[in-house]
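One file, structure30.csv, carrying CSV, C-alpha atoms:
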```csv
chain,number,residue,atom,x,y,z
A,286,MET,CA,20.8,0.2,-38.8
A,287,LYS,CA,21.8,1.9,-35.6
A,288,ILE,CA,25.3,1.5,-34.2
A,289,ALA,CA,26.3,2.6,-30.7
A,290,ILE,CA,29.9,3.0,-29.5
A,291,LEU,CA,30.6,3.4,-25.8
A,292,ARG,CA,34.0,4.9,-24.9
A,293,ARG,CA,34.5,5.7,-21.2
A,294,ASN,CA,38.2,5.9,-21.5
A,295,GLY,CA,40.8,8.6,-21.9
A,296,LEU,CA,41.9,10.8,-24.8
A,297,GLY,CA,44.1,8.2,-26.5
A,298,ASP,CA,41.4,5.6,-26.5
A,299,LEU,CA,39.1,8.0,-28.3
A,300,ILE,CA,41.7,8.7,-30.9
A,301,CYS,CA,42.2,5.0,-31.5
A,302,THR,CA,38.5,4.6,-32.0
A,303,GLN,CA,38.5,6.9,-35.0
A,304,PRO,CA,39.6,4.3,-37.6
A,305,LEU,CA,36.8,2.0,-36.3
A,306,ILE,CA,34.2,4.8,-36.9
A,307,LYS,CA,35.5,5.5,-40.4
A,308,PHE,CA,35.4,1.7,-41.2
A,309,LEU,CA,31.8,1.5,-39.9
A,310,GLN,CA,30.8,4.5,-42.0
A,311,LYS,CA,32.2,2.9,-45.2
A,312,LYS,CA,30.8,-0.5,-44.4
A,313,HIS,CA,27.4,0.7,-43.4
A,314,PRO,CA,26.9,4.1,-45.1
A,315,ASN,CA,23.2,4.4,-44.3
A,316,SER,CA,23.7,3.6,-40.6
A,317,GLU,CA,23.2,6.0,-37.7
A,318,ILE,CA,26.3,5.9,-35.6
A,319,SER,CA,26.2,7.2,-32.0
A,320,LEU,CA,29.2,7.7,-29.8
A,321,PHE,CA,28.8,7.8,-26.0
A,322,ILE,CA,31.7,9.5,-24.2
A,323,ASP,CA,32.7,11.2,-21.0
A,324,ALA,CA,32.4,15.0,-20.9
A,325,GLU,CA,36.2,15.6,-20.9
A,326,ASN,CA,36.5,14.2,-24.4
A,327,THR,CA,33.7,16.2,-25.9
A,328,GLU,CA,35.8,18.8,-27.8
A,329,LEU,CA,38.1,16.1,-29.3
A,330,ALA,CA,35.1,13.9,-30.3
A,331,HIS,CA,33.5,16.8,-32.2
A,332,TYR,CA,36.8,17.4,-34.0
A,333,LEU,CA,37.5,13.8,-34.9
A,334,CYS,CA,34.0,12.5,-35.4
A,335,HIS,CA,32.0,15.5,-36.6
A,336,ASP,CA,29.6,13.5,-38.8
A,337,ILE,CA,28.1,11.2,-36.1
A,338,ASN,CA,25.9,11.6,-33.1
A,339,ILE,CA,27.9,12.4,-30.0
A,340,ASN,CA,26.3,11.8,-26.6
A,341,ILE,CA,27.8,12.8,-23.2
A,342,ILE,CA,27.4,10.3,-20.4
A,343,PRO,CA,26.7,12.1,-17.1
A,344,VAL,CA,29.2,11.6,-14.3
A,345,SER,CA,26.5,10.1,-12.1
A,346,TYR,CA,26.2,7.1,-14.5
A,347,THR,CA,29.7,5.7,-14.0
A,348,HIS,CA,28.4,2.3,-13.3
A,349,LEU,CA,27.5,1.8,-17.1
```
Let me see the structure of the file written as structure tokens.
Amino acid sequence: MKIAILRRNGLGDLICTQPLIKFLQKKHPNSEISLFIDAENTELAHYLCHDININIIPVSYTHL
């Protein structure tokens, strides 16, 4: 199963997403989880969510 999480919010919203990611990892251990975030949250995402795929959404795609 593939799971995508889209977070186009600020730093605090990304921090609040971490329990959801951990829950999904426990509930679906064989799933591929991908996190889509803005570039300014990249460093924090790699620190908090180092075991999932992290994808940066380009600034030009703000309409997503």
### Query
Which residue out of A:Asp323, A:Asp336, A:Glu317, A:Glu328 has the minimum interatomic distance to Ile288 of chain A when all atoms listed in the file are used?
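Distance minimum relative to Ile288 of chain A lands on A:Glu317.
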### Gap from atom CA of Lys307 of chain A to atom CA of Lys287 of chain A - Å, one decimal
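Distance reported for this atom pair: 15.0 Å.
Using all atoms listed in the file, the smallest distance between any of A:Cys334, A:Asn326, A:Ser345, A:Ile339 and Gln303 of chain A comes from A:Cys334.
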### Query
Between atom CA of Pro343 of chain A and atom CA of His313 of chain A, what is the spacing in Å?
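A separation of 28.7 Å between them.
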### Query
What gap, in Å, lies between atom CA of Arg293 of chain A and atom CA of Tyr332 of chain A?
17.5 Å
### Local residues around (34.0, 13.8, -27.2), at most 12 Å away, using all atoms listed in the file, as an NGL selection string
:A and (290-300 or 302-303 or 319-335 or 337-342)
Only C-alpha atoms, please: the residues just picked out, written as a JSON list (two decimals), in the frame of the given file.
```
[["chain", "number", "residue", "atom", "x", "y", "z"],
["A", 290, "ILE", "CA", 29.90, 3.00, -29.50],
["A", 291, "LEU", "CA", 30.60, 3.40, -25.80],
["A", 292, "ARG", "CA", 34.00, 4.90, -24.90],
["A", 293, "ARG", "CA", 34.50, 5.70, -21.20],
["A", 294, "ASN", "CA", 38.20, 5.90, -21.50],
["A", 295, "GLY", "CA", 40.80, 8.60, -21.90],
["A", 296, "LEU", "CA", 41.90, 10.80, -24.80],
["A", 297, "GLY", "CA", 44.10, 8.20, -26.50],
["A", 298, "ASP", "CA", 41.40, 5.60, -26.50],
["A", 299, "LEU", "CA", 39.10, 8.00, -28.30],
["A", 300, "ILE", "CA", 41.70, 8.70, -30.90],
["A", 302, "THR", "CA", 38.50, 4.60, -32.00],
["A", 303, "GLN", "CA", 38.50, 6.90, -35.00],
["A", 319, "SER", "CA", 26.20, 7.20, -32.00],
["A", 320, "LEU", "CA", 29.20, 7.70, -29.80],
["A", 321, "PHE", "CA", 28.80, 7.80, -26.00],
["A", 322, "ILE", "CA", 31.70, 9.50, -24.20],
["A", 323, "ASP", "CA", 32.70, 11.20, -21.00],
["A", 324, "ALA", "CA", 32.40, 15.00, -20.90],
["A", 325, "GLU", "CA", 36.20, 15.60, -20.90],
["A", 326, "ASN", "CA", 36.50, 14.20, -24.40],
["A", 327, "THR", "CA", 33.70, 16.20, -25.90],
["A", 328, "GLU", "CA", 35.80, 18.80, -27.80],
["A", 329, "LEU", "CA", 38.10, 16.10, -29.30],
["A", 330, "ALA", "CA", 35.10, 13.90, -30.30],
["A", 331, "HIS", "CA", 33.50, 16.80, -32.20],
["A", 332, "TYR", "CA", 36.80, 17.40, -34.00],
["A", 333, "LEU", "CA", 37.50, 13.80, -34.90],
["A", 334, "CYS", "CA", 34.00, 12.50, -35.40],
["A", 335, "HIS", "CA", 32.00, 15.50, -36.60],
["A", 337, "ILE", "CA", 28.10, 11.20, -36.10],
["A", 338, "ASN", "CA", 25.90, 11.60, -33.10],
["A", 339, "ILE", "CA", 27.90, 12.40, -30.00],
["A", 340, "ASN", "CA", 26.30, 11.80, -26.60],
["A", 341, "ILE", "CA", 27.80, 12.80, -23.20],
["A", 342, "ILE", "CA", 27.40, 10.30, -20.40]]
```
